[in-house]
Structure formats: C-alpha cells, structure tokens
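Undergrad: This is the structure I want to talk about, given as structure tokens.
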Amino acid sequence: TGASKGVVRPDQGVPLERWGPGMRAWGGFVQMPEQGLMYISTPLYHAFGAGVLGSSLNRGHSLLVDDRFEAEKFLDLIESRRITSAPLVPTLMVRLAKLPDDAFASRDLSALRWIAHTAAPCPPWAKQRLIDMLGPCIVEFYGSSEGTGPVVCTSQDWMDRPGTVGKPNPTLRISVVGDNGEDLPPGAIGTLYFKRDDGAPKYHGDEEKTRNAQLPDGRFTVGDVGYLDEDGFMYLVDRRVDLILNGGVNVYPAEIEGVLSQHPSIRDVAVFGIPDPEFGQQVKAAVELEPGASLSEEELIAWSRERLAGFKCPRSVDFHEALPREAHGKLKKRLLRDAYWPA
C-alpha cells in the first residue's frame, strides 16, 4: 500500500439520520444475516471494521470484540459462544484454512452463518478449503476508501465463477479501460474504472492525483487491474503498481502469492519485482516462516517450479521475522520493494 491519502467522497455530509438506514442497507447487500453474535478482531478505525460494526448493530447483532485473532480460539468461540458472523482479512483466512481437518470436525460450528473477507486477495485454495469445512458462508466484498464498492461475491458465485469478486451494488458501474484509453470487451484485462451515481471522489490537497485517477466522463480508478465477464461479474487480477514486467511479459504477484502461501512452512508471503539487467524485472519473494519451521531459498524455489510456470517462479527469496502489514491486514509491499529500487 502507498502513502496515506485523504479522500473526499461525494456522500460525505449525509445527514446523520440517514446513516443508520444506510448502514443497514449496506449490511443487506453484503449478505450479512439479521441478528446473532458478531465476532470482530479487525481494527475499528478501518473502513472494513467500522463498516461491519455499524451494519451489525443496525441489523440487531450483539458484538464480541477481540484484540487478537487466533485460529483455534476462533473455532472454540464459535462453538462455546455460538458466534454467527465474523469479518476476517485474508491473512487470517489462511491461518484458519491451515488448521487440520480435526480442528473443524471435532467442534460444533453450526452457529456460523457469515464470514466476510476483503482488504486483499484471498488465496483460492484457502477460500475453497473454508467453504469445504464451514459450508457456503464465505462472502467476499471489494471496495475502497474512494467508494468503489461494495462489489459482492457469495460462496456460490465464487464456485460458479472461480476467481470472481462479484457484482457491484446498483449505484456503481464498472468498466475496463486499456492502456490507450479505450474501453475493453468482456474477458480483456485492463485498468478497472468505476462510476458512482453521486459523482467521483477527490483526493484532499492533491489535485494532480485526483486528475490522474479520473476520466473526463466522471469514471475514476484506484489502480486495480482486472476484467469483467459477459454477465458483469468482476475479476481482480492485481494492483497496477505491483505488476512485474519480466522480459516484456506481465507477471501478477497475487497469483504467485496464492501458490506460495500453500507451503506448510510459510506463514506470510509477499511477491514483488526487483531490477534485472537482462529482463527489466525479476520475481522476488519475501517470506515469513511459521514458528519453528525451516525452509531454504533453494527449497522454496524448487517447490515453486513444480507448481508455477518458470517465468513466474521467484528468482530469489528473502526471509523476514515478520512481514510489514497494516493492523487491518493490508501488506505494506512498498516498504519491501523500495529497498531494491533507486530513489
């Protein structure tokens, strides 16, 4: 993620009496059930945690707020406290998915009706495993501070259309734009642009950033790359700023991270491009190991070559005690990448 930004949204200034009904409606659109016990361990100052908090209260939930997520403890709480709903970021989804089958089978988890994830891509293997273990209660939604959501995907949507992040709410329209400013057809990868019924956001004190993010017709982008299918479902490929250009070929780190995250010794992983004198950029992996685990650079590269095309495999690996993440789970990839690039 980049430097902090202040966003002035068109819906700012809405009278307070409209926020309650609005939050309730937002909860309905993201498939949040009525009533129950909501478990929240995500920071409440972030849009994800704050949005779920406001919506859950307006939809009749009680709250169980936890300052630290632990995967087995979370399953214990589902059983003992009858937790019905929870927002989780993908790093926590991965930790939950890596638990053995018995951790799920030995507990009564029938109270759980809704797990929502956002903030970053969730590795497909982790999402599929949690659907297998917990049932079709996993909901993904895509959005941003700029107001690009929610785009919502149910478990059934995702199983029917693997990789989709869903369809937008009725007040949002999505288009895909090519490098030359042309609108692209379904299936073609380009920059995702959004148009809201109430107008486009602005960046506080940064007219240049605002101008560069908008098209003359009011569409705006947050720099994400993806595509739409024939039915209007959106697919997120990666952040444009994270794209690796390797010998003229586009390499998307999110795909590689999803594969490497399956390794039993890896707790967290980031993939990014570093300078290469021959190919322009090469693939670098930064890895945080599970406590007590052992893994060498050579072992991980060999493991990845069995699962990825050669040009997608890391050429080198750095090992870290902990990868830099925001409290809400978003990876500070810029801090890792910038160390390899001239200022």
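Following the order of the structure tokens, first chain is A, next is B, and so on, with residues numbered from 1 inside each chain and ligands from 1 in the order they appear.
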Check which residues of segment 77-144 of chain A sit at most 6 Å from segment 22-46 of chain A using only C-alpha atoms, and return one row each with the closest pair of atoms and their distance in Å to one decimal, ordered by chain and rising number, as CSV.

TA:
```
residue,atom,partner,partner_atom,distance
A:Ile83,CA,A:Leu37,CA,5.0
A:Thr84,CA,A:Leu37,CA,5.3
A:Ser85,CA,A:Met38,CA,4.8
A:Ala86,CA,A:Tyr39,CA,4.8
```

Undergrad: Just want the 10 Å neighbourhood of Gln282 of chain A, counted on only C-alpha atoms, with same-chain residues fewer than 4 positions away dropped. Output as number ranges by chain.

TA: A: 244-247, 251, 272-278, 311-316

Undergrad: Would you save the residues of that selection, restricted to C-alpha atoms, as a PDB file, in the first residue's frame?

TA:
```pdb
ATOM      1  CA  ILE A 244       6.079  -7.175 -12.620  1.00  0.00           C
ATOM      2  CA  LEU A 245       7.354  -6.681 -16.185  1.00  0.00           C
ATOM      3  CA  ASN A 246       9.630  -9.637 -16.874  1.00  0.00           C
ATOM      4  CA  GLY A 247      11.104  -9.678 -20.368  1.00  0.00           C
ATOM      5  CA  VAL A 251       3.584 -11.187 -14.128  1.00  0.00           C
ATOM      6  CA  PHE A 272       7.282  -8.099  -5.999  1.00  0.00           C
ATOM      7  CA  GLY A 273       9.605  -7.109  -8.813  1.00  0.00           C
ATOM      8  CA  ILE A 274      13.219  -6.031  -8.417  1.00  0.00           C
ATOM      9  CA  PRO A 275      15.640  -4.717 -11.080  1.00  0.00           C
ATOM     10  CA  ASP A 276      17.120  -7.219 -13.516  1.00  0.00           C
ATOM     11  CA  PRO A 277      19.770  -6.150 -16.075  1.00  0.00           C
ATOM     12  CA  GLU A 278      18.533  -8.595 -18.721  1.00  0.00           C
ATOM     13  CA  PHE A 311       8.893 -17.126 -15.535  1.00  0.00           C
ATOM     14  CA  LYS A 312       6.556 -16.804 -12.522  1.00  0.00           C
ATOM     15  CA  CYS A 313       8.876 -18.574 -10.086  1.00  0.00           C
ATOM     16  CA  PRO A 314      10.880 -16.479  -7.617  1.00  0.00           C
ATOM     17  CA  ARG A 315      14.481 -15.973  -8.644  1.00  0.00           C
ATOM     18  CA  SER A 316      15.423 -15.110  -5.075  1.00  0.00           C
TER      19      SER A 316
END
```

Undergrad: Residues near segment 124-128 of chain A, anyone? I mean within 9 Å using only C-alpha atoms, not counting same-chain ones fewer than 2 positions away, as a list in words.

TA: Pro90, Met93, Val94, Arg95, Leu96, Ala97, Lys98, Pro121, Cys122, Leu130, Ile131, Asp132, Met133, Ile138, Ser155, Met159, Pro162, Gly163, Gly258, Val259, Ser261 and Gln262 of chain A

Undergrad: Got time to write the residues from that selection, N, CA and C atoms, as a compact mmCIF listing (two decimals), in the first residue's frame?

TA:
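File produced: out.txt:
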```
# COMPACT_ATOMS: atom_id res chain seq x y z
N PRO A 90 -7.67 -11.70 4.64
CA PRO A 90 -7.14 -12.93 4.05
C PRO A 90 -6.01 -13.60 4.83
N MET A 93 -7.71 -15.72 7.16
CA MET A 93 -8.36 -16.82 6.45
C MET A 93 -7.35 -17.94 6.18
N VAL A 94 -6.13 -17.56 5.79
CA VAL A 94 -5.10 -18.56 5.51
C VAL A 94 -4.75 -19.33 6.77
N ARG A 95 -4.59 -18.63 7.89
CA ARG A 95 -4.26 -19.31 9.15
C ARG A 95 -5.36 -20.27 9.56
N LEU A 96 -6.59 -19.87 9.34
CA LEU A 96 -7.72 -20.74 9.65
C LEU A 96 -7.73 -21.95 8.73
N ALA A 97 -7.46 -21.73 7.45
CA ALA A 97 -7.50 -22.81 6.46
C ALA A 97 -6.39 -23.83 6.67
N LYS A 98 -5.30 -23.43 7.31
CA LYS A 98 -4.18 -24.36 7.53
C LYS A 98 -4.39 -25.27 8.74
N PRO A 121 -6.42 -9.86 -1.79
CA PRO A 121 -6.86 -11.13 -2.36
C PRO A 121 -6.69 -12.28 -1.37
N CYS A 122 -7.66 -13.19 -1.37
CA CYS A 122 -7.57 -14.41 -0.56
C CYS A 122 -7.13 -15.55 -1.48
N LEU A 130 -12.09 -23.41 3.27
CA LEU A 130 -13.02 -22.93 4.29
C LEU A 130 -14.46 -23.15 3.88
N ILE A 131 -14.75 -23.06 2.59
CA ILE A 131 -16.10 -23.41 2.12
C ILE A 131 -16.36 -24.89 2.38
N ASP A 132 -15.35 -25.73 2.12
CA ASP A 132 -15.49 -27.17 2.35
C ASP A 132 -15.70 -27.48 3.84
N MET A 133 -14.99 -26.76 4.70
CA MET A 133 -15.01 -27.05 6.13
C MET A 133 -16.19 -26.39 6.85
N ILE A 138 -19.07 -18.11 3.16
CA ILE A 138 -17.99 -17.16 2.90
C ILE A 138 -18.47 -16.12 1.88
N SER A 155 -20.42 -17.36 -1.74
CA SER A 155 -19.72 -18.63 -1.97
C SER A 155 -20.17 -19.28 -3.26
N MET A 159 -17.93 -20.26 -6.54
CA MET A 159 -17.81 -21.63 -7.03
C MET A 159 -18.30 -21.75 -8.47
N PRO A 162 -15.07 -19.27 -10.70
CA PRO A 162 -13.85 -19.22 -9.89
C PRO A 162 -13.03 -17.95 -10.17
N GLY A 163 -12.67 -17.28 -9.09
CA GLY A 163 -11.84 -16.09 -9.22
C GLY A 163 -12.60 -14.78 -9.17
N GLY A 258 -0.58 -16.54 -3.94
CA GLY A 258 -1.59 -17.54 -3.64
C GLY A 258 -1.03 -18.95 -3.65
N VAL A 259 -0.10 -19.22 -4.56
CA VAL A 259 0.52 -20.55 -4.63
C VAL A 259 1.50 -20.75 -3.48
N SER A 261 1.64 -19.39 -0.63
CA SER A 261 1.01 -19.41 0.69
C SER A 261 0.57 -20.81 1.10
N GLN A 262 0.50 -21.74 0.13
CA GLN A 262 0.12 -23.11 0.45
C GLN A 262 1.23 -23.90 1.12
```
